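File shown: input.cif. Contents: mmCIF, C-alpha atoms.
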data_entry
loop_
_atom_site.label_atom_id
_atom_site.label_comp_id
_atom_site.auth_asym_id
_atom_site.auth_seq_id
_atom_site.Cartn_x
_atom_site.Cartn_y
_atom_site.Cartn_z
CA MET E 957 21.21 -4.59 -16.20
CA LYS E 958 19.42 -6.57 -18.89
CA ASP E 959 15.94 -5.63 -20.07
CA GLU E 960 14.54 -8.86 -18.63
CA ASP E 961 15.98 -8.23 -15.16
CA GLU E 962 13.45 -7.43 -12.42
CA VAL E 963 13.48 -4.01 -10.78
CA SER E 964 11.29 -2.56 -8.03
CA PHE E 965 8.18 -0.68 -9.16
CA VAL E 966 6.62 1.90 -6.84
CA PRO E 967 3.22 3.47 -7.63
CA LEU E 968 2.27 6.66 -5.78
CA GLU E 969 -0.18 4.89 -3.45
CA ARG E 970 2.75 2.90 -2.03
CA VAL E 971 4.63 6.00 -0.95
CA TRP E 972 3.82 7.04 2.65
CA PRO E 973 5.46 9.39 5.14
CA ASN E 974 8.86 7.85 5.96
CA ALA E 975 7.95 4.53 4.34
CA PHE E 976 7.23 2.87 1.01
CA ASP E 977 6.50 -0.58 -0.36
CA PRO E 978 9.08 -1.85 -2.90
CA SER E 979 7.63 -5.36 -3.12
CA GLU E 980 6.13 -4.97 -6.60
CA SER E 981 8.54 -5.51 -9.49
CA ARG E 982 8.62 -5.29 -13.27
CA GLN E 983 11.09 -6.11 -15.99
CA LYS E 984 13.58 -3.31 -16.59
CA GLY E 985 12.68 -3.10 -20.28
CA SER E 986 9.02 -2.42 -19.51
CA VAL E 987 9.81 0.66 -17.39
CA SER E 988 12.72 2.12 -19.33
CA THR E 989 10.55 4.93 -20.68
CA GLY E 990 7.49 6.71 -19.36
CA TYR E 991 8.39 6.25 -15.69
CA THR E 992 10.51 7.95 -13.05
CA ARG E 993 13.68 6.00 -12.31
CA PHE E 994 15.65 6.01 -9.06
CA ARG E 995 18.17 4.01 -7.06
CA ASP E 996 18.92 3.15 -3.45
CA GLY E 997 19.82 6.27 -1.50
CA ASP E 998 17.81 8.71 -3.61
CA VAL E 999 15.38 11.12 -1.98
CA VAL E 1000 11.86 10.74 -3.37
CA VAL E 1001 9.59 13.80 -3.28
CA PRO E 1002 5.94 13.45 -4.41
CA LYS E 1003 5.09 16.40 -6.64
CA ILE E 1004 1.28 16.34 -6.75
CA THR E 1005 -1.26 17.71 -4.29
CA PRO E 1006 -2.07 16.61 -1.59
CA THR E 1007 0.82 14.15 -1.21
CA PHE E 1008 3.42 16.93 -1.44
CA GLN E 1009 1.82 18.92 1.38
CA ALA E 1010 1.48 15.70 3.41
CA ASP E 1011 5.30 15.48 3.47
CA ARG E 1012 5.66 11.99 2.02
CA THR E 1013 9.31 12.62 1.22
CA LEU E 1014 11.60 9.69 2.00
CA ILE E 1015 14.91 8.03 1.22
CA VAL E 1016 14.43 4.90 -0.88
CA HIS E 1017 16.25 1.72 0.05
CA GLY E 1018 15.84 -2.01 -0.34
CA LEU E 1019 15.14 -1.81 -4.08
CA LYS E 1020 15.48 -5.00 -6.10
CA GLY E 1021 18.87 -4.81 -7.78
CA GLY E 1022 19.36 -1.45 -6.11
CA VAL E 1023 17.24 0.35 -8.71
CA GLY E 1024 13.58 1.04 -9.29
CA ALA E 1025 10.98 2.86 -11.33
CA GLY E 1026 7.65 4.36 -10.47
CA THR E 1027 5.03 6.96 -11.00
CA THR E 1028 5.92 10.15 -12.84
CA GLU E 1029 4.35 12.00 -9.88
CA LEU E 1030 7.71 11.82 -8.10
CA HIS E 1031 10.69 14.18 -8.06
CA ILE E 1032 14.03 12.45 -7.49
CA VAL E 1033 16.79 14.25 -5.57
CA ARG E 1034 20.29 12.75 -5.36
CA ALA E 1035 22.80 14.13 -2.87
CA GLY E 1036 26.06 15.34 -4.38
CA PRO E 1037 29.60 15.02 -2.99
CA GLY E 1038 29.96 16.31 0.54
CA ILE E 1039 26.20 16.27 1.16
CA GLU E 1040 24.51 14.03 3.73
CA THR E 1041 21.43 12.40 2.16
CA ARG E 1042 19.48 12.42 5.42
CA TYR E 1043 20.07 16.17 5.71
CA VAL E 1044 18.61 16.64 2.22
CA ARG E 1045 15.59 14.58 3.21
CA TYR E 1046 15.01 16.78 6.28
CA LEU E 1047 15.48 19.95 4.20
CA MET E 1048 12.44 18.89 2.23
CA SER E 1049 10.32 18.56 5.35
CA THR E 1050 10.88 22.12 6.53
CA CYS E 1051 8.01 24.59 6.64
CA SER E 1052 9.72 26.90 4.15
CA PHE E 1053 10.23 24.12 1.60
CA LEU E 1054 6.68 22.76 1.84
CA HIS E 1055 5.04 26.19 1.85
CA GLY E 1056 7.29 27.41 -0.95
CA GLY E 1057 6.54 24.39 -3.12
CA GLU E 1058 2.82 24.69 -2.51
CA ALA E 1059 2.87 28.36 -3.51
CA GLU E 1060 4.58 27.53 -6.82
CA MET E 1061 2.33 24.62 -7.82
CA ILE E 1062 0.86 24.71 -11.32
CA GLY E 1063 -2.18 22.94 -12.79
CA VAL E 1064 -5.89 22.72 -12.12
CA ALA E 1065 -7.47 22.26 -8.70
CA GLY E 1066 -6.88 18.77 -7.33
CA GLN E 1067 -4.15 18.12 -9.91
CA LYS E 1068 -1.57 20.77 -9.03
CA ARG E 1069 2.10 19.83 -9.12
CA VAL E 1070 5.39 21.27 -7.92
CA PRO E 1071 7.32 22.12 -11.12
CA ASP E 1072 10.80 20.72 -11.75
CA SER E 1073 12.15 24.23 -12.27
CA TRP E 1074 11.17 25.36 -8.78
CA LEU E 1075 12.80 22.34 -7.17
CA ARG E 1076 16.04 22.82 -9.12
CA ASP E 1077 16.25 26.53 -8.27
CA CYS E 1078 15.12 26.24 -4.64
CA GLN E 1079 17.72 27.79 -2.32
CA VAL E 1080 18.47 25.86 0.87
CA PRO E 1081 20.88 26.31 3.80
CA VAL E 1082 24.02 24.18 3.48
CA MET E 1083 26.80 23.81 6.04
CA ASP E 1084 29.79 21.47 6.31
CA VAL E 1085 29.03 17.76 6.11
CA ASP E 1086 29.88 17.09 9.76
CA GLN E 1087 27.24 19.59 10.87
CA GLN E 1088 24.79 18.09 8.38
CA ARG E 1089 25.33 14.68 9.98
CA ARG E 1090 24.93 16.07 13.50
CA ILE E 1091 21.62 17.64 12.49
CA ALA E 1092 20.50 14.42 10.78
CA ASP E 1093 21.48 12.29 13.78
CA PHE E 1094 19.64 14.64 16.14
CA LEU E 1095 16.51 14.66 13.97
CA ASP E 1096 16.61 10.89 13.46
CA ALA E 1097 16.41 10.42 17.22
CA GLU E 1098 13.88 13.18 17.96
CA THR E 1099 11.51 12.43 15.08
CA ALA E 1100 11.61 8.72 15.97
CA ARG E 1101 10.38 9.61 19.46
CA ILE E 1102 7.62 11.82 18.07
CA ASP E 1103 6.63 9.18 15.50
CA ALA E 1104 6.42 6.57 18.27
CA LEU E 1105 4.07 8.85 20.23
CA ILE E 1106 1.92 9.39 17.14
CA THR E 1107 1.72 5.65 16.51
CA ALA E 1108 0.76 4.99 20.13
CA LYS E 1109 -2.05 7.54 19.98
CA GLN E 1110 -3.28 6.11 16.67
CA HIS E 1111 -3.42 2.69 18.33
CA GLN E 1112 -5.36 4.20 21.25
CA ALA E 1113 -7.92 5.67 18.86
CA GLU E 1114 -8.27 2.38 17.01
CA ALA E 1115 -8.65 0.52 20.32
CA ALA E 1116 -11.47 2.88 21.34
CA ARG E 1117 -13.30 2.29 18.06
CA SER E 1118 -12.73 -1.45 18.34
CA ARG E 1119 -14.05 -1.49 21.90
CA THR E 1120 -17.29 0.15 20.78
CA PHE E 1121 -17.77 -2.31 17.92
CA THR E 1122 -16.90 -5.35 20.06
CA ALA E 1123 -19.33 -4.26 22.78
CA ALA E 1124 -22.06 -3.62 20.22
CA ARG E 1125 -21.65 -7.07 18.66
CA PHE E 1126 -21.76 -8.73 22.08
CA ILE E 1127 -24.85 -6.80 23.19
CA ILE E 1128 -26.72 -7.03 19.88
CA LEU E 1129 -25.74 -10.52 18.70
CA GLY E 1130 -24.45 -12.32 21.77
CA SER E 1131 -23.51 -15.84 20.74
CA SER E 1132 -26.01 -15.84 17.89
CA ASN E 1133 -24.70 -16.42 14.36
CA PRO E 1134 -26.70 -14.44 11.78
CA MET E 1135 -25.42 -16.75 9.03
CA ASP E 1136 -27.08 -19.72 10.75
CA ARG E 1137 -30.44 -20.05 9.00
CA SER E 1138 -32.13 -21.74 11.96
CA PRO E 1139 -35.27 -19.83 13.07
CA VAL E 1140 -34.60 -20.78 16.70
CA GLY E 1141 -31.47 -19.84 18.65
CA ALA E 1142 -29.52 -22.05 21.03
CA ASP E 1143 -31.48 -20.51 23.91
CA GLY E 1144 -34.77 -21.51 22.31
CA ARG E 1145 -35.81 -17.98 21.36
CA ARG E 1146 -37.22 -17.20 17.93
CA ARG E 1147 -34.88 -15.54 15.45
CA PRO E 1148 -36.74 -13.69 12.70
CA LYS E 1149 -35.20 -12.91 9.34
CA LEU E 1150 -33.75 -9.43 8.92
CA ASN E 1151 -36.41 -8.59 6.32
CA ARG E 1152 -39.03 -9.07 9.06
CA VAL E 1153 -37.20 -6.60 11.29
CA CYS E 1154 -36.63 -3.88 8.70
CA SER E 1155 -37.24 -3.38 4.99
CA LEU E 1156 -34.44 -2.10 2.80
CA GLN E 1157 -34.69 -0.30 -0.52
CA ARG E 1158 -32.09 0.75 -3.07
CA GLY E 1159 -31.20 4.44 -3.11
CA HIS E 1160 -31.89 6.90 -5.91
CA ASP E 1161 -29.80 8.27 -8.78
CA LEU E 1162 -28.67 11.87 -8.47
CA PRO E 1163 -25.98 12.89 -10.99
CA ALA E 1164 -23.64 15.59 -9.75
CA ASP E 1165 -24.78 18.02 -12.44
CA HIS E 1166 -28.40 17.65 -11.27
CA ARG E 1167 -27.68 18.70 -7.71
CA VAL E 1168 -28.80 22.05 -6.38
CA VAL E 1169 -27.10 23.45 -3.30
CA GLY E 1170 -29.37 23.07 -0.31
CA PRO E 1171 -29.69 21.77 3.25
CA VAL E 1172 -30.38 18.11 2.38
CA PRO E 1173 -27.45 15.71 2.95
CA VAL E 1174 -26.67 13.33 0.10
CA ILE E 1175 -25.48 9.95 1.39
CA SER E 1176 -23.37 7.58 -0.70
CA SER E 1177 -21.93 4.17 0.14
CA GLY E 1178 -19.00 6.03 1.71
CA GLY E 1179 -21.15 8.33 3.83
CA PRO E 1180 -22.20 11.99 3.44
CA SER E 1181 -21.35 13.17 -0.08
CA GLY E 1182 -22.44 16.74 -0.60
CA ASN E 1183 -25.94 18.16 -0.43
CA HIS E 1184 -29.08 18.92 -2.44
CA ASN E 1185 -32.19 21.04 -2.10
CA VAL E 1186 -34.70 18.17 -2.18
CA ALA E 1187 -35.02 15.06 0.00
CA VAL E 1188 -36.44 11.69 -1.04
CA ALA E 1189 -36.36 10.09 2.41
CA ALA E 1190 -37.58 11.21 5.81
CA PRO E 1191 -35.79 10.75 9.13
CA PRO E 1192 -34.89 8.73 11.02
CA GLY E 1193 -32.58 7.45 8.32
CA VAL E 1194 -30.46 4.31 8.35
CA VAL E 1195 -28.30 3.83 5.25
CA THR E 1196 -25.72 1.21 4.28
CA GLY E 1197 -23.38 0.86 1.32
CA ARG E 1198 -24.72 -1.38 -1.45
CA TYR E 1199 -21.52 -1.42 -3.45
CA GLY E 1200 -18.28 0.54 -3.34
CA THR E 1201 -17.89 0.86 0.42
CA VAL E 1202 -19.92 -2.19 1.39
CA GLY E 1203 -21.42 -2.73 4.81
CA ASP E 1204 -20.75 0.62 6.50
CA VAL E 1205 -23.88 2.08 8.12
CA TYR E 1206 -24.87 5.74 8.48
CA TRP E 1207 -27.52 7.57 10.48
CA SER E 1208 -29.51 10.67 9.54
CA ASP E 1209 -31.89 12.56 11.80
CA VAL E 1210 -32.84 15.03 9.03
CA PRO E 1211 -34.48 14.51 5.61
CA PHE E 1212 -31.88 13.06 3.22
CA TRP E 1213 -31.13 11.69 -0.24
CA PRO E 1214 -29.63 8.17 -0.33
CA LEU E 1215 -27.76 7.55 -3.59
CA ASN E 1216 -28.20 4.44 -5.72
CA THR E 1217 -24.96 3.00 -4.29
CA THR E 1218 -26.81 2.49 -1.01
CA LEU E 1219 -29.63 0.61 0.64
CA TYR E 1220 -31.78 2.45 3.17
CA VAL E 1221 -34.47 1.40 5.62
CA ILE E 1222 -37.99 2.28 4.45
CA ASN E 1223 -39.84 0.36 7.19
CA PHE E 1224 -38.65 -0.35 10.73
CA HIS E 1225 -41.61 -2.67 11.40
CA GLY E 1226 -42.27 -1.05 14.77
CA ASN E 1227 -38.70 -1.43 16.03
CA ASN E 1228 -36.56 1.29 17.55
CA ALA E 1229 -34.89 2.95 14.53
CA ARG E 1230 -31.67 3.56 16.40
CA TRP E 1231 -31.57 -0.08 17.49
CA VAL E 1232 -31.93 -1.09 13.82
CA TYR E 1233 -28.98 1.17 13.04
CA TRP E 1234 -26.84 -0.63 15.64
CA LEU E 1235 -28.12 -4.00 14.46
CA LEU E 1236 -27.05 -3.34 10.87
CA ARG E 1237 -23.65 -2.13 12.06
CA CYS E 1238 -23.11 -5.48 13.78
CA LEU E 1239 -24.32 -7.75 10.99
CA PRO E 1240 -21.97 -9.26 8.37
CA LEU E 1241 -23.68 -7.38 5.54
CA ASP E 1242 -20.67 -7.87 3.26
CA ALA E 1243 -20.40 -11.62 3.85
CA GLU E 1244 -21.90 -12.45 0.47
CA SER E 1245 -20.46 -9.50 -1.46
CA GLU E 1246 -17.50 -11.40 -2.90
CA LYS E 1247 -19.90 -13.74 -4.70
CA SER E 1248 -21.21 -10.79 -6.70
CA ALA E 1249 -19.53 -9.79 -9.96
CA VAL E 1250 -19.63 -6.13 -8.90
CA GLY E 1251 -18.67 -6.82 -5.30
CA GLY E 1252 -21.92 -5.45 -3.89
CA ILE E 1253 -24.59 -6.68 -1.52
CA ASN E 1254 -28.05 -7.94 -2.40
CA ARG E 1255 -30.90 -6.86 -0.13
CA ASN E 1256 -32.68 -10.16 -0.72
CA VAL E 1257 -29.59 -12.08 0.42
CA ILE E 1258 -28.98 -10.05 3.58
CA GLY E 1259 -32.71 -10.12 4.26
CA GLU E 1260 -32.31 -13.84 4.99
CA LEU E 1261 -29.94 -13.23 7.92
CA ARG E 1262 -31.39 -14.40 11.25
CA VAL E 1263 -31.32 -11.95 14.15
CA GLU E 1264 -32.37 -11.63 17.77
CA ARG E 1265 -35.23 -9.15 18.28
CA PRO E 1266 -35.54 -7.98 21.90
CA SER E 1267 -38.53 -6.12 23.30
CA LEU E 1268 -38.91 -2.42 22.60
CA ASP E 1269 -37.97 -1.63 26.19
CA ARG E 1270 -34.81 -3.68 25.86
CA GLN E 1271 -34.04 -2.06 22.48
CA ALA E 1272 -34.21 1.37 24.16
CA VAL E 1273 -31.81 0.25 26.89
CA ILE E 1274 -29.38 -1.12 24.29
CA VAL E 1275 -29.51 2.10 22.28
CA ALA E 1276 -28.81 4.24 25.35
CA GLU E 1277 -25.87 2.06 26.35
CA LEU E 1278 -24.28 1.91 22.90
CA ASP E 1279 -24.85 5.58 22.10
CA LYS E 1280 -23.13 6.52 25.36
CA LEU E 1281 -20.21 4.23 24.57
CA GLU E 1282 -19.87 5.67 21.08
CA GLU E 1283 -19.99 9.22 22.45
CA TRP E 1284 -17.09 8.35 24.75
CA SER E 1285 -15.21 6.81 21.82
CA LEU E 1286 -15.75 9.84 19.58
CA GLU E 1287 -14.70 12.28 22.30
CA LEU E 1288 -11.54 10.29 23.02
CA THR E 1289 -10.76 9.98 19.32
CA SER E 1290 -11.21 13.73 18.89
CA VAL E 1291 -8.76 14.44 21.72
CA LEU E 1292 -6.24 11.95 20.33
CA THR E 1293 -6.60 13.34 16.81
CA ARG E 1294 -5.82 16.84 18.06
CA GLN E 1295 -2.83 15.53 20.00
CA ILE E 1296 -1.56 13.82 16.84
CA GLU E 1297 -1.95 17.07 14.89
CA LEU E 1298 0.06 18.93 17.53
CA LEU E 1299 2.77 16.27 17.49
CA ARG E 1300 3.04 16.53 13.71
CA GLU E 1301 3.27 20.31 13.97
CA ARG E 1302 5.95 19.89 16.64
CA ARG E 1303 7.83 17.46 14.37
CA GLN E 1304 7.85 19.87 11.44
CA ALA E 1305 8.79 22.85 13.62
CA LEU E 1306 11.69 20.88 15.14
CA ILE E 1307 12.98 19.88 11.69
CA THR E 1308 12.71 23.46 10.47
CA ALA E 1309 14.50 24.88 13.52
CA ALA E 1310 17.35 22.35 13.33
CA VAL E 1311 17.92 22.70 9.59
CA THR E 1312 17.77 26.51 9.53
CA GLY E 1313 20.04 26.91 12.55
CA GLU E 1314 17.38 28.36 14.86
CA LEU E 1315 18.07 25.39 17.12
CA THR E 1316 21.70 24.68 17.95
CA VAL E 1317 22.57 21.00 17.50
#

As structure tokens:
Amino acid sequence: MKDEDEVSFVPLERVWPNAFDPSESRQKGSVSTGYTRFRDGDVVVPKITPTFQADRTLIVHGLKGGVGAGTTELHIVRAGPGIETRYVRYLMSTCSFLHGGEAEMIGVAGQKRVPDSWLRDCQVPVMDVDQQRRIADFLDAETARIDALITAKQHQAEAARSRTFTAARFIILGSSNPMDRSPVGADGRRRPKLNRVCSLQRGHDLPADHRVVGPVPVISSGGPSGNHNVAVAAPPGVVTGRYGTVGDVYWSDVPFWPLNTTLYVINFHGNNARWVYWLLRCLPLDAESEKSAVGGINRNVIGELRVERPSLDRQAVIVAELDKLEEWSLELTSVLTRQIELLRERRQALITAAVTGELTV
């Protein structure tokens, strides 16, 4: 190939269990050095924690020009003569391979890698190629069934979360559009601005090296982020991401420390605090974020959103209804998550048994 020819480029974040995204490409000359190179049919094994333990090993295919380059955080394994590539791929999903590689990792915490030397010297069971293919065919069919069950349960969990959010938006907002600046809704009822319903304030700086271990949760734009020994805000707490993870909303019923990447409610103006929490979850808080150079939200901008404000009695009814629905959703998600974990354990155990001969195929 010529240096100006396009080849597939695969960063680590585009390598997933049993799948990868080869859509990105670069000129061959730009990736000739400093990158890992591979071709269609190679087995790709991530070397760094936690992607190695997550078993993101796969067989690459569909590369532009049949070749590709990518992150140096990949080991490349190429099957030799008389070796079935799919069998090699399954070898590297066995418990013994994953546990053995993890035990031999080198480097600092969070940046540990499986060394090349361990992979080259790793001893694996090998039988005649016909048996390899029978094992691979069996595992292709069985793992596909397990993967389909996992996907179905993931969809169930997402549907449960979506149902809660859809119900909350219908109950809280109805047909009202918060972006519509009219002070009166279609039904003739007054719609106050959000800043008349609750007052938001930016969170507070707390560098990691200033934190002291304690019982106080520290809340960032992405949610709970460690702890501290001093609180700057009293419960009930309603916190939303200001930039970073924009628009997600978190609740705290204990004293807390909201970081400067957040906005938090300092005045509920007599409203039910839990209702305000649900209200903020339903509002398009990130609608204006793309207009900001840093991709964040401005409390003055979202304070102009128009909302419905029901009576306190009605707020209490709404809170009870939505909290009950969310409890159902969380319980169902917990059950489904455990079922997914068990299916993944079953998948790995089946692969291990078939490859090692414990299970006759």

Q: I need the residue set behind the PyMOL selection byres ((chain E and resi 1136) around 12) for this file; please write it as an MDAnalysis selection string.
A: chainID E and resid 1131:1135 1137:1142 1147:1149 1240 1260:1264

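The neighbours of E:Glu980 here are the residues that come within 7 Å of it, using only C-alpha atoms and leaving out any residue fewer than 3 positions away in the same chain; they are Ser964, Phe965 and Val966 of chain E.
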
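Straight-line separation from atom CA of E:Ala1065 to atom CA of E:Arg1167: 20.5 Å.
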
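Taking all atoms listed in the file into account, E:Trp1284 lies nearest to E:Arg1117 out of the set E:Arg1117, E:His1166, E:Ile1258, E:Pro1037.
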
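The interatomic distance for the pair atom CA of E:Glu1060 and atom CA of E:Ile1296 works out to 28.0 Å.
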
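When only C-alpha atoms are used to compute distances to E:Ser1052, the closest of the residues E:Val1070, E:Val1080, E:Val1232, E:Ala1010 turns out to be E:Val1080.
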
Starting from the incomplete input, reconstruct N, CA and C atoms of stretch 1257-1280 of chain E and report them as a short mmCIF file (atom, residue, chain, number, x, y, z; two decimals), keeping the file's coordinate frame.
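What landed in result06.cif:
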data_model
loop_
_atom_site.label_atom_id
_atom_site.label_comp_id
_atom_site.auth_asym_id
_atom_site.auth_seq_id
_atom_site.Cartn_x
_atom_site.Cartn_y
_atom_site.Cartn_z
N VAL E 1257 -30.51 -11.15 -0.25
CA VAL E 1257 -29.59 -12.08 0.42
C VAL E 1257 -29.45 -11.70 1.89
N ILE E 1258 -29.16 -10.43 2.18
CA ILE E 1258 -28.98 -10.05 3.58
C ILE E 1258 -30.30 -10.08 4.34
N GLY E 1259 -31.40 -10.01 3.61
CA GLY E 1259 -32.71 -10.12 4.26
C GLY E 1259 -32.96 -11.47 4.87
N GLU E 1260 -32.17 -12.49 4.46
CA GLU E 1260 -32.31 -13.84 4.99
C GLU E 1260 -31.52 -14.06 6.28
N LEU E 1261 -30.69 -13.09 6.66
CA LEU E 1261 -29.94 -13.23 7.92
C LEU E 1261 -30.90 -13.34 9.10
N ARG E 1262 -30.55 -14.20 10.06
CA ARG E 1262 -31.39 -14.40 11.25
C ARG E 1262 -30.85 -13.55 12.40
N VAL E 1263 -31.75 -12.87 13.09
CA VAL E 1263 -31.32 -11.95 14.15
C VAL E 1263 -32.17 -12.14 15.40
N GLU E 1264 -31.62 -11.68 16.52
CA GLU E 1264 -32.37 -11.63 17.77
C GLU E 1264 -33.16 -10.31 17.79
N ARG E 1265 -34.44 -10.37 18.19
CA ARG E 1265 -35.23 -9.15 18.28
C ARG E 1265 -35.75 -9.01 19.71
N PRO E 1266 -35.09 -8.17 20.52
CA PRO E 1266 -35.54 -7.98 21.90
C PRO E 1266 -36.79 -7.10 21.95
N SER E 1267 -37.35 -6.98 23.12
CA SER E 1267 -38.53 -6.12 23.30
C SER E 1267 -38.15 -4.67 23.05
N LEU E 1268 -39.16 -3.84 22.83
CA LEU E 1268 -38.91 -2.42 22.60
C LEU E 1268 -38.22 -1.78 23.80
N ASP E 1269 -38.62 -2.18 25.00
CA ASP E 1269 -37.97 -1.63 26.19
C ASP E 1269 -36.49 -1.99 26.20
N ARG E 1270 -36.20 -3.24 25.88
CA ARG E 1270 -34.81 -3.68 25.86
C ARG E 1270 -34.04 -2.98 24.73
N GLN E 1271 -34.68 -2.78 23.58
CA GLN E 1271 -34.04 -2.06 22.48
C GLN E 1271 -33.63 -0.66 22.93
N ALA E 1272 -34.51 0.02 23.68
CA ALA E 1272 -34.21 1.37 24.16
C ALA E 1272 -33.01 1.37 25.10
N VAL E 1273 -32.94 0.36 25.96
CA VAL E 1273 -31.81 0.25 26.89
C VAL E 1273 -30.51 0.04 26.11
N ILE E 1274 -30.56 -0.84 25.11
CA ILE E 1274 -29.38 -1.12 24.29
C ILE E 1274 -28.91 0.14 23.58
N VAL E 1275 -29.85 0.87 23.00
CA VAL E 1275 -29.51 2.10 22.28
C VAL E 1275 -28.83 3.10 23.21
N ALA E 1276 -29.39 3.29 24.40
CA ALA E 1276 -28.81 4.24 25.35
C ALA E 1276 -27.38 3.84 25.72
N GLU E 1277 -27.19 2.55 25.95
CA GLU E 1277 -25.87 2.06 26.35
C GLU E 1277 -24.84 2.23 25.24
N LEU E 1278 -25.22 1.84 24.01
CA LEU E 1278 -24.28 1.91 22.90
C LEU E 1278 -24.03 3.34 22.45
N ASP E 1279 -25.05 4.17 22.47
CA ASP E 1279 -24.85 5.58 22.10
C ASP E 1279 -23.89 6.26 23.08
N LYS E 1280 -24.03 5.94 24.36
CA LYS E 1280 -23.13 6.52 25.36
C LYS E 1280 -21.70 6.05 25.14
#
